[in-house]
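Enquirer: Below you'll find start32.txt; it's compact mmCIF, C-alpha atoms.
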```
# COMPACT_ATOMS: atom_id res chain seq x y z
CA MET X 9 85.04 77.93 37.34
CA GLN X 10 84.84 79.21 33.78
CA ILE X 11 82.52 77.31 31.46
CA SER X 12 83.55 76.94 27.83
CA ARG X 13 81.38 78.62 25.20
CA ASN X 14 80.49 75.31 23.53
CA LEU X 15 79.40 73.75 26.79
CA LEU X 16 77.29 76.80 27.62
CA VAL X 17 75.49 76.56 24.28
CA ARG X 18 74.80 72.87 24.85
CA LEU X 19 73.47 73.49 28.35
CA LEU X 20 71.22 76.29 27.08
CA ALA X 21 69.85 74.11 24.31
CA ALA X 22 69.09 71.31 26.77
CA THR X 23 67.30 73.72 29.07
CA VAL X 24 65.20 75.10 26.24
CA MET X 25 64.15 71.60 25.18
CA ALA X 26 63.32 70.66 28.76
CA VAL X 27 60.90 73.55 29.27
CA GLY X 28 59.41 73.38 25.79
CA VAL X 29 60.52 76.85 24.63
CA SER X 30 61.19 77.15 20.92
CA VAL X 31 64.17 79.14 19.71
CA LEU X 32 63.84 81.18 16.55
CA SER X 33 66.74 81.41 14.20
CA PRO X 34 68.50 84.80 14.00
CA GLY X 35 66.56 87.42 12.03
CA THR X 36 63.16 85.67 12.33
CA THR X 37 60.10 86.58 14.37
CA ARG X 38 57.15 84.51 15.45
CA ALA X 39 53.94 85.24 13.51
CA GLU X 40 51.22 86.60 15.76
CA PRO X 41 47.80 84.92 15.65
CA ILE X 42 45.34 86.79 13.44
CA THR X 43 41.72 87.81 13.62
CA LEU X 44 39.62 86.13 10.95
CA SER X 45 37.39 88.92 9.65
CA ILE X 46 34.77 87.14 7.57
CA ILE X 47 31.94 88.41 5.39
CA ASP X 48 29.27 85.94 4.26
CA THR X 49 27.03 86.88 1.34
CA GLY X 50 25.78 83.45 0.30
CA GLY X 51 24.73 81.67 3.48
CA ASP X 52 27.88 79.57 3.50
CA LEU X 53 28.27 79.84 7.27
CA ALA X 54 25.32 77.48 7.68
CA SER X 55 27.56 74.82 6.16
CA THR X 56 31.05 75.83 7.23
CA GLU X 57 31.01 77.91 10.42
CA VAL X 58 31.57 74.76 12.45
CA ILE X 59 34.70 74.06 10.36
CA ILE X 60 36.06 77.57 10.89
CA ARG X 61 35.57 77.28 14.63
CA ASN X 62 37.14 73.81 14.66
CA TYR X 63 40.21 75.29 12.97
CA ALA X 64 40.44 78.17 15.44
CA LYS X 65 40.15 75.79 18.37
CA ALA X 66 42.87 73.52 16.96
CA ASN X 67 45.17 76.43 16.06
CA PRO X 68 45.18 79.07 18.83
CA ASP X 69 48.66 80.07 17.69
CA LYS X 70 47.21 81.10 14.31
CA VAL X 71 43.75 82.47 15.11
CA LYS X 72 43.00 84.70 18.10
CA ASP X 73 39.49 85.83 17.20
CA ILE X 74 36.72 85.43 14.63
CA LYS X 75 34.59 88.36 13.49
CA ILE X 76 31.63 87.74 11.21
CA GLN X 77 29.44 90.06 9.18
CA ARG X 78 26.81 89.42 6.54
CA ALA X 79 25.78 91.41 3.48
CA PRO X 80 23.81 90.96 0.24
CA ALA X 81 26.03 89.76 -2.60
CA PRO X 82 25.37 92.80 -4.87
CA GLU X 83 26.76 95.13 -2.17
CA LEU X 84 29.99 93.16 -1.75
CA PRO X 85 32.17 94.61 -4.57
CA ALA X 86 31.49 98.22 -3.58
CA LYS X 87 32.01 97.48 0.09
CA ILE X 88 35.39 95.86 -0.51
CA LYS X 89 36.43 98.47 -3.09
CA ALA X 90 35.81 101.30 -0.62
CA GLN X 91 38.10 99.61 1.90
CA GLN X 92 40.73 98.80 -0.71
CA ASP X 93 40.74 102.37 -2.02
CA ALA X 94 41.09 103.72 1.52
CA GLY X 95 43.89 101.27 2.34
CA ARG X 96 41.93 100.03 5.36
CA LEU X 97 40.86 96.53 4.44
CA ASP X 98 39.10 94.93 7.41
CA ILE X 99 37.82 91.84 5.59
CA ASN X 100 40.30 89.04 4.99
CA LEU X 101 38.00 86.15 4.04
CA VAL X 102 34.97 86.27 1.77
CA LEU X 103 32.34 83.53 1.78
CA THR X 104 30.11 83.95 -1.23
CA GLY X 105 28.01 82.27 -3.86
CA GLN X 106 28.46 82.33 -7.60
CA ASP X 107 26.80 85.74 -7.70
CA GLY X 108 29.19 87.71 -5.49
CA GLY X 109 32.13 85.55 -6.52
CA SER X 110 31.67 86.24 -10.21
CA LEU X 111 31.54 90.00 -9.61
CA LEU X 112 34.64 90.04 -7.41
CA ALA X 113 36.63 87.91 -9.84
CA ALA X 114 35.55 90.00 -12.83
CA ASN X 115 36.64 93.15 -10.97
CA LYS X 116 40.00 91.60 -9.93
CA GLN X 117 39.17 92.38 -6.30
CA ILE X 118 40.31 88.99 -5.06
CA ILE X 119 43.67 87.28 -5.39
CA GLN X 120 44.39 84.19 -7.39
CA ILE X 121 45.30 81.51 -4.86
CA PRO X 122 49.07 80.80 -5.07
CA ASN X 123 49.80 77.40 -6.64
CA TYR X 124 46.12 76.55 -6.42
CA LYS X 125 46.33 73.60 -8.81
CA THR X 126 48.77 71.76 -6.55
CA GLU X 127 47.64 73.13 -3.20
CA PHE X 128 43.98 72.47 -3.98
CA PRO X 129 43.97 69.51 -6.40
CA ARG X 130 40.90 69.21 -8.60
CA ASP X 131 40.90 65.41 -8.79
CA ILE X 132 39.75 64.96 -5.17
CA LEU X 133 36.48 66.80 -5.83
CA THR X 134 32.95 65.69 -6.64
CA ASP X 135 31.58 66.41 -10.11
CA ALA X 136 29.79 69.46 -8.72
CA GLY X 137 32.99 70.50 -6.96
CA LYS X 138 34.98 70.21 -10.20
CA ALA X 139 32.44 72.37 -12.05
CA LEU X 140 32.67 75.04 -9.35
CA TYR X 141 36.47 74.77 -9.27
CA ASP X 142 36.71 75.32 -13.03
CA GLU X 143 34.38 78.30 -12.87
CA GLY X 144 36.43 79.84 -10.06
CA GLY X 145 39.68 79.81 -12.03
CA GLY X 146 41.81 79.73 -8.89
CA TYR X 147 40.33 82.96 -7.54
CA LEU X 148 37.44 81.16 -5.88
CA ILE X 149 37.92 77.96 -3.87
CA PRO X 150 34.70 75.90 -3.62
CA SER X 151 33.54 74.99 -0.13
CA VAL X 152 30.23 73.21 -0.73
CA GLY X 153 28.12 72.36 -3.75
CA ASN X 154 25.57 70.09 -5.38
CA ALA X 155 23.53 69.73 -8.54
CA GLY X 156 21.40 72.77 -7.70
CA GLY X 157 18.25 73.11 -9.80
CA PRO X 158 15.92 74.54 -11.01
CA VAL X 159 13.07 72.89 -9.15
CA PHE X 160 9.73 74.49 -8.42
CA ILE X 161 8.47 74.28 -4.84
CA TYR X 162 4.67 74.29 -4.57
CA ASN X 163 1.84 74.07 -2.07
CA PRO X 164 -0.05 70.86 -2.96
CA SER X 165 -3.31 72.16 -1.49
CA LYS X 166 -3.20 75.15 -3.86
CA VAL X 167 -1.56 73.47 -6.85
CA PRO X 168 -3.21 70.07 -7.34
CA ASN X 169 -1.83 69.74 -10.88
CA PRO X 170 1.72 71.14 -10.92
CA PRO X 171 3.25 72.17 -14.26
CA LYS X 172 5.16 69.54 -16.20
CA THR X 173 6.54 71.73 -19.00
CA ALA X 174 7.72 75.30 -19.47
CA ALA X 175 4.47 76.03 -21.33
CA ASP X 176 2.49 74.65 -18.39
CA LEU X 177 4.41 76.90 -15.98
CA LEU X 178 3.74 79.98 -18.07
CA ALA X 179 0.03 79.10 -18.41
CA TRP X 180 -0.28 78.45 -14.68
CA ALA X 181 1.40 81.75 -13.79
CA LYS X 182 -0.94 83.63 -16.12
CA ALA X 183 -3.97 81.88 -14.66
CA ASN X 184 -2.77 82.62 -11.11
CA PRO X 185 -1.20 86.11 -11.31
CA GLY X 186 1.08 86.99 -8.42
CA LYS X 187 1.16 83.45 -7.05
CA PHE X 188 4.54 82.53 -8.53
CA MET X 189 7.75 84.17 -7.30
CA TYR X 190 11.51 84.02 -7.58
CA ALA X 191 14.16 86.38 -6.23
CA ARG X 192 16.66 88.58 -8.00
CA PRO X 193 19.35 86.26 -9.47
CA ALA X 194 22.20 88.50 -8.32
CA ASN X 195 21.41 87.56 -4.71
CA SER X 196 19.60 84.22 -4.89
CA GLY X 197 20.63 80.67 -5.73
CA PRO X 198 17.09 79.73 -6.83
CA GLY X 199 16.94 82.96 -8.84
CA ARG X 200 20.16 82.03 -10.65
CA SER X 201 18.88 78.50 -11.21
CA ILE X 202 15.82 79.65 -13.12
CA LEU X 203 17.91 82.26 -14.95
CA GLN X 204 20.45 79.67 -16.12
CA GLY X 205 18.12 76.69 -16.32
CA MET X 206 15.34 77.92 -18.61
CA SER X 207 17.56 77.96 -21.71
CA PHE X 208 18.21 74.24 -21.26
CA ILE X 209 14.54 73.51 -20.68
CA LEU X 210 13.56 75.51 -23.78
CA ASN X 211 16.28 74.00 -26.02
CA ASP X 212 17.95 77.34 -26.67
CA SER X 213 20.71 77.39 -29.28
CA LYS X 214 23.57 78.05 -26.84
CA PRO X 215 22.50 77.55 -23.22
CA MET X 216 25.98 78.48 -21.98
CA ASP X 217 25.99 81.79 -23.89
CA PRO X 218 23.47 84.24 -22.41
CA GLU X 219 24.47 86.99 -24.85
CA LYS X 220 24.09 85.13 -28.16
CA GLY X 221 22.26 81.92 -27.36
CA TRP X 222 19.32 82.62 -25.01
CA GLU X 223 16.69 83.83 -27.49
CA LYS X 224 13.95 81.62 -26.05
CA GLY X 225 15.14 81.97 -22.46
CA TRP X 226 15.08 85.76 -22.36
CA ASP X 227 11.66 85.91 -24.08
CA PHE X 228 10.23 83.34 -21.66
CA LEU X 229 11.48 85.13 -18.54
CA LYS X 230 10.11 88.44 -19.80
CA GLU X 231 6.70 86.88 -20.48
CA LEU X 232 6.71 85.06 -17.13
CA GLY X 233 7.54 88.35 -15.42
CA LYS X 234 4.17 89.78 -16.46
CA SER X 235 2.59 87.45 -13.91
CA VAL X 236 5.14 88.08 -11.13
CA GLU X 237 4.05 90.75 -8.65
CA TYR X 238 7.61 91.72 -7.74
CA TYR X 239 11.10 90.24 -7.35
CA PRO X 240 12.50 90.33 -3.81
CA THR X 241 16.21 90.89 -3.24
CA GLY X 242 16.80 87.51 -1.61
CA THR X 243 15.57 83.94 -1.32
CA ALA X 244 14.42 84.31 2.31
CA ILE X 245 11.54 86.60 1.31
CA THR X 246 10.23 84.09 -1.22
CA LEU X 247 10.25 81.37 1.47
CA LYS X 248 8.46 83.63 3.96
CA GLU X 249 5.72 84.62 1.53
CA PHE X 250 5.33 81.01 0.41
CA ALA X 251 4.94 79.88 4.03
CA GLN X 252 2.37 82.64 4.63
CA GLY X 253 0.32 81.57 1.63
CA GLN X 254 0.90 84.71 -0.43
CA ARG X 255 2.72 82.65 -3.05
CA TRP X 256 1.72 79.17 -4.12
CA MET X 257 4.86 78.30 -6.08
CA ILE X 258 8.46 79.53 -5.90
CA ALA X 259 11.74 78.75 -7.65
CA GLY X 260 14.05 76.47 -5.71
CA ILE X 261 17.22 74.42 -5.70
CA MET X 262 18.08 71.29 -3.73
CA GLU X 263 19.54 73.20 -0.77
CA TRP X 264 16.68 75.69 -0.57
CA ASP X 265 14.10 72.93 -0.79
CA MET X 266 15.46 70.62 1.91
CA LYS X 267 16.83 73.09 4.45
CA PRO X 268 13.68 75.24 4.77
CA ARG X 269 11.57 72.13 5.38
CA ALA X 270 14.05 70.82 7.95
CA GLN X 271 14.01 74.16 9.75
CA SER X 272 10.20 74.52 9.49
CA VAL X 273 10.61 77.72 7.47
CA ILE X 274 8.17 76.29 4.92
CA PRO X 275 5.60 73.51 5.47
CA PRO X 276 7.17 70.02 5.50
CA ASP X 277 4.51 68.74 3.08
CA SER X 278 5.65 71.17 0.35
CA LYS X 279 6.27 69.39 -2.95
CA ILE X 280 8.51 70.01 -5.94
CA ALA X 281 7.94 69.93 -9.68
CA ILE X 282 10.77 69.33 -12.14
CA LEU X 283 9.93 70.45 -15.67
CA GLU X 284 10.46 68.25 -18.70
CA ASN X 285 13.87 68.68 -20.32
CA THR X 286 15.38 70.10 -17.12
CA THR X 287 19.15 70.18 -16.80
CA PHE X 288 20.27 70.80 -13.23
CA VAL X 289 22.77 73.67 -13.06
CA VAL X 290 25.41 73.19 -10.36
CA ASP X 291 25.16 75.54 -7.40
CA GLY X 292 27.60 76.10 -4.57
CA HIS X 293 29.59 78.43 -2.35
CA TYR X 294 33.14 79.78 -2.51
CA TRP X 295 35.88 81.15 -0.30
CA ALA X 296 38.07 83.98 -1.55
CA ILE X 297 40.75 86.39 -0.26
CA PRO X 298 40.47 90.10 -1.09
CA THR X 299 43.36 91.82 -2.82
CA GLY X 300 45.44 93.69 -0.25
CA VAL X 301 45.27 91.22 2.64
CA PRO X 302 48.74 91.05 4.30
CA LYS X 303 50.82 87.96 3.55
CA GLU X 304 50.88 86.74 7.13
CA GLN X 305 47.06 86.69 7.10
CA VAL X 306 46.94 85.08 3.65
CA ASP X 307 49.17 82.26 4.91
CA VAL X 308 46.81 81.46 7.79
CA ILE X 309 43.70 81.67 5.59
CA LEU X 310 45.23 79.32 3.02
CA ASP X 311 45.92 76.86 5.83
CA LEU X 312 42.30 77.25 6.94
CA MET X 313 41.12 76.55 3.38
CA LYS X 314 43.14 73.33 3.30
CA PHE X 315 41.65 72.35 6.66
CA MET X 316 38.17 73.06 5.26
CA TRP X 317 38.84 70.50 2.51
CA LYS X 318 39.74 67.71 4.95
CA PRO X 319 37.15 64.91 4.55
CA GLU X 320 36.40 64.79 8.29
CA GLN X 321 35.53 68.50 8.15
CA GLN X 322 33.71 68.39 4.80
CA VAL X 323 31.24 65.76 6.05
CA LEU X 324 29.96 68.35 8.53
CA THR X 325 28.63 70.46 5.64
CA TRP X 326 25.86 67.94 5.02
CA THR X 327 24.02 69.54 7.94
CA ALA X 328 23.01 72.46 5.67
CA PHE X 329 21.71 70.12 2.92
CA ILE X 330 24.08 71.32 0.21
CA GLY X 331 26.93 68.92 0.84
CA PRO X 332 30.68 68.61 0.41
CA VAL X 333 32.84 69.27 -2.62
CA VAL X 334 35.41 66.63 -1.58
CA LYS X 335 34.20 63.29 -2.96
CA SER X 336 35.51 61.16 -0.11
CA ALA X 337 33.26 63.06 2.33
CA THR X 338 30.25 60.85 1.66
CA ILE X 339 27.00 60.99 3.58
CA ALA X 340 27.81 57.53 4.95
CA SER X 341 30.87 59.00 6.67
CA ALA X 342 28.94 61.87 8.28
CA PRO X 343 27.83 61.78 11.94
CA LYS X 344 24.65 59.74 12.39
CA ASN X 345 22.49 62.71 13.38
CA ILE X 346 23.40 64.44 10.12
CA GLN X 347 22.74 61.26 8.13
CA ASP X 348 19.29 60.97 9.72
CA ASP X 349 18.39 64.61 8.93
CA VAL X 350 19.44 64.33 5.29
CA LYS X 351 17.58 61.04 4.89
CA GLU X 352 14.39 62.55 6.35
CA PHE X 353 14.29 65.53 3.99
CA TRP X 354 15.85 64.01 0.87
CA ARG X 355 13.49 63.50 -2.07
CA PRO X 356 13.40 60.46 -4.37
CA GLU X 357 13.57 62.83 -7.34
CA TYR X 358 17.12 63.76 -6.32
CA ASP X 359 18.20 60.14 -6.74
CA GLN X 360 17.54 60.61 -10.47
CA VAL X 361 19.81 63.64 -10.87
CA GLY X 362 22.59 62.59 -13.20
CA THR X 363 20.49 59.84 -14.79
CA LYS X 364 16.98 61.05 -15.70
CA TRP X 365 18.05 64.67 -15.24
CA LYS X 366 21.27 65.92 -16.80
CA VAL X 367 23.68 68.14 -14.88
CA SER X 368 25.53 71.17 -16.28
CA SER X 369 28.34 73.34 -15.06
CA PRO X 370 27.25 76.87 -14.11
CA LEU X 371 28.05 79.80 -16.34
CA GLY X 372 31.57 81.12 -16.14
CA VAL X 373 32.39 84.33 -14.31
CA THR X 374 32.04 86.66 -17.29
CA ALA X 375 28.91 85.04 -18.70
CA LEU X 376 27.15 84.93 -15.33
CA SER X 377 27.96 88.60 -14.64
CA TYR X 378 26.51 89.47 -18.06
CA ALA X 379 23.36 87.40 -17.45
CA MET X 380 22.69 88.88 -14.01
CA ASP X 381 23.23 92.43 -15.27
CA ARG X 382 20.97 91.92 -18.28
CA TRP X 383 18.25 90.40 -16.09
CA ASP X 384 18.46 93.47 -13.83
CA ARG X 385 18.09 95.80 -16.79
CA GLU X 386 15.52 94.01 -18.93
CA ILE X 387 13.44 91.97 -16.51
CA GLY X 388 13.87 93.08 -12.89
CA ALA X 389 14.07 96.80 -13.61
CA ASP X 390 11.39 98.52 -11.50
CA GLN X 391 9.99 95.23 -10.10
CA VAL X 392 12.85 94.49 -7.69
CA LYS X 393 11.85 95.44 -4.14
CA LYS X 394 13.44 94.91 -0.76
```
As a first step, turn the structure in this file into structure tokens.

Expert:
Amino acid sequence: MQISRNLLVRLLAATVMAVGVSVLSPGTTRAEPITLSIIDTGGDLASTEVIIRNYAKANPDKVKDIKIQRAPAPELPAKIKAQQDAGRLDINLVLTGQDGGSLLAANKQIIQIPNYKTEFPRDILTDAGKALYDEGGGYLIPSVGNAGGPVFIYNPSKVPNPPKTAADLLAWAKANPGKFMYARPANSGPGRSILQGMSFILNDSKPMDPEKGWEKGWDFLKELGKSVEYYPTGTAITLKEFAQGQRWMIAGIMEWDMKPRAQSVIPPDSKIAILENTTFVVDGHYWAIPTGVPKEQVDVILDLMKFMWKPEQQVLTWTAFIGPVVKSATIASAPKNIQDDVKEFWRPEYDQVGTKWKVSSPLGVTALSYAMDRWDREIGADQVKK
């Protein structure tokens, strides 16, 4: 018996639906799942790796594997440029801080996120998230952030009378040469906090203009540097030497005060000093996509970025003590174990951020790149050591 063409089509369609096989329209092909090849230069994975793995687990049709590498932020632009120049880009997602992000954006090595204002709406963010979002200009999508610092972490047994003013800090450093330390700003959140924060503390003329408005700030950092033995290339070294007793006071930010105590990297009885006239400068992490990543990979990564902004995923970032950028992801909505950890290592001083202590946006991409480069030339120079 001959079956009509129309009946055959209907029978085929019914069979396809019954077995759950999807039919692609003519001329289309199914996108293959991709490998997420991630480089982290700012420690963001401590906050967001769980989110990335949650996405991969929920979307096996989009992600087949995750590869992770880490590198210092100053090495990132050259590393990506070498791959871009060779046409063999093996990194498709960059996790970075304001240091690496500012350099990549200034060099146009990352793409501007398509329709970022509608796809990633600013109005759902915290105040810190909005500051980071504005700084990123659509090239950098914030993942986590908070008020930052600067704060000064000290050993109370060695520093019974912590400094209260910038003049006190300078006098203490001179009286205790080599006992104060901070890391190179181009690869350290606490380093950037003291770099950006001192001009506010010292009432510089234009604290958001490191080229024309940091007269007091640059002079202070140069003078302070006379009492600094050397500047390490990353925050971890300052924490290690502080824990070992080689340093009695180090620069810090909220994240790098709470997390090291929670992880027993530094003694839990470490204290903080906040200098008079301090303005907290927002600190955070970004996600970005290098120029040259194929569209099919970009599409998946953009979907991952949207997933990362879901409140139920953002609350998981509290575990690294920096916190979400989405304002609905409150600590009260986080899992209880995370709430308990944050409560244990939170400081009462942080409850006064935004009231007693003002909060400022970080420097923009161009200004921050200038400030980090000038610090390297005029202050770090021969004192930066690995």

Enquirer: Atom CA of Lys75 of chain X and atom CA of Pro319 of chain X, how far apart in Å?

Expert: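 Pair atom CA of Pro319 of chain X / atom CA of Lys75 of chain X returns 25.2 Å.
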
Enquirer: Considering only C-alpha atoms, return as a PyMOL selection string whatever protein or nucleic-acid residues lie within 12 Å of segment 350-354 of chain X, sequence-local ones (same chain, fewer than 6 positions apart) excluded.

Expert: chain X and resi 262-272+275-280+323-331+338-340+342-344+360

Enquirer: How would the residues just picked look written out with C-alpha atoms as a JSON list (two decimals), in the frame of the given file?

Expert:
```
[["chain", "number", "residue", "atom", "x", "y", "z"],
["X", 262, "MET", "CA", 18.08, 71.29, -3.73],
["X", 263, "GLU", "CA", 19.54, 73.20, -0.77],
["X", 264, "TRP", "CA", 16.68, 75.69, -0.57],
["X", 265, "ASP", "CA", 14.10, 72.93, -0.79],
["X", 266, "MET", "CA", 15.46, 70.62, 1.91],
["X", 267, "LYS", "CA", 16.83, 73.09, 4.45],
["X", 268, "PRO", "CA", 13.68, 75.24, 4.77],
["X", 269, "ARG", "CA", 11.57, 72.13, 5.38],
["X", 270, "ALA", "CA", 14.05, 70.82, 7.95],
["X", 271, "GLN", "CA", 14.01, 74.16, 9.75],
["X", 272, "SER", "CA", 10.20, 74.52, 9.49],
["X", 275, "PRO", "CA", 5.60, 73.51, 5.47],
["X", 276, "PRO", "CA", 7.17, 70.02, 5.50],
["X", 277, "ASP", "CA", 4.51, 68.74, 3.08],
["X", 278, "SER", "CA", 5.65, 71.17, 0.35],
["X", 279, "LYS", "CA", 6.27, 69.39, -2.95],
["X", 280, "ILE", "CA", 8.51, 70.01, -5.94],
["X", 323, "VAL", "CA", 31.24, 65.76, 6.05],
["X", 324, "LEU", "CA", 29.96, 68.35, 8.53],
["X", 325, "THR", "CA", 28.63, 70.46, 5.64],
["X", 326, "TRP", "CA", 25.86, 67.94, 5.02],
["X", 327, "THR", "CA", 24.02, 69.54, 7.94],
["X", 328, "ALA", "CA", 23.01, 72.46, 5.67],
["X", 329, "PHE", "CA", 21.71, 70.12, 2.92],
["X", 330, "ILE", "CA", 24.08, 71.32, 0.21],
["X", 331, "GLY", "CA", 26.93, 68.92, 0.84],
["X", 338, "THR", "CA", 30.25, 60.85, 1.66],
["X", 339, "ILE", "CA", 27.00, 60.99, 3.58],
["X", 340, "ALA", "CA", 27.81, 57.53, 4.95],
["X", 342, "ALA", "CA", 28.94, 61.87, 8.28],
["X", 343, "PRO", "CA", 27.83, 61.78, 11.94],
["X", 344, "LYS", "CA", 24.65, 59.74, 12.39],
["X", 360, "GLN", "CA", 17.54, 60.61, -10.47]]
```

Enquirer: Near segment 124-137 of chain X, counting all atoms listed in the file, which residues have an atom at most 9 Å away, once you skip same-chain residues fewer than 5 positions from it, shown as a PyMOL selection string?

Expert: chain X and resi 142+146-147+149-155+290-292+313-314+317+332-336+367-369

Enquirer: Kindly provide, as a VMD selection string, the polymer residues lying within 10 Å of (11.9, 94.2, -8.4), counting all atoms listed in the file and using the coordinates exactly as they appear in the file.

Expert: chain X and resid 191 to 192 236 to 241 384 387 to 394

Enquirer: One number please: atom CA of Ala86 of chain X to atom CA of Tyr63 of chain X, in Å, one decimal.

Expert: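 It comes out at 29.6 Å.
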
Enquirer: Rounded to one decimal in Å, what is the spacing between atom CA of Pro218 of chain X and atom CA of Thr299 of chain X?

Expert: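 Going from atom CA of Pro218 of chain X over to atom CA of Thr299 of chain X covers 28.9 Å.
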
Enquirer: Under the rule that only C-alpha atoms are counted, which of X:Leu229, X:Gly197, X:His293, X:Ala139 is the nearest residue to Asp52 of chain X?

Expert: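 Selected residue with least distance to Asp52 of chain X: X:His293.
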
Enquirer: Which residues are near segment 178-185 of chain X? Cut-off 10 Å, all atoms listed in the file, ignore same chain within fewer than 3 positions. Put them as an MDAnalysis selection string.

Expert: chainID X and resid 167 169:171 173:175 188:189 228:229 231:237 255:257

Enquirer: Which residues are near Ser45 of chain X? Cut-off 12 Å, only C-alpha atoms, ignore same chain within fewer than 4 positions. Put them as a PyMOL selection string.

Expert: chain X and resi 60+71-78+97-103+297-298+301+305-306+309

Enquirer: Would you please work out which residue, of X:Glu304, X:Leu376, X:Ser341, X:Lys172, is nearest to Gln322 of chain X when using only C-alpha atoms?

Expert: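 The closest residue to Gln322 of chain X is X:Ser341.
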
Enquirer: Could you work out an axis-aligned bounding box for all listed atoms of segment 164-180 of chain X, with 4 Å added on each of the six sides, and give its centre and edge lengths in Å to one decimal, as lines of an AutoDock Vina configuration file?

Expert:
```
center_x = 2.2
center_y = 74.8
center_z = -11.4
size_x = 19.0
size_y = 18.4
size_z = 27.8
```

Enquirer: Smallest atom-to-atom distance to Ser213 of chain X: which of X:Gly225, X:Leu84, X:Ala194, X:Leu140, using all atoms listed in the file?

Expert: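 The closest residue to Ser213 of chain X is X:Gly225.
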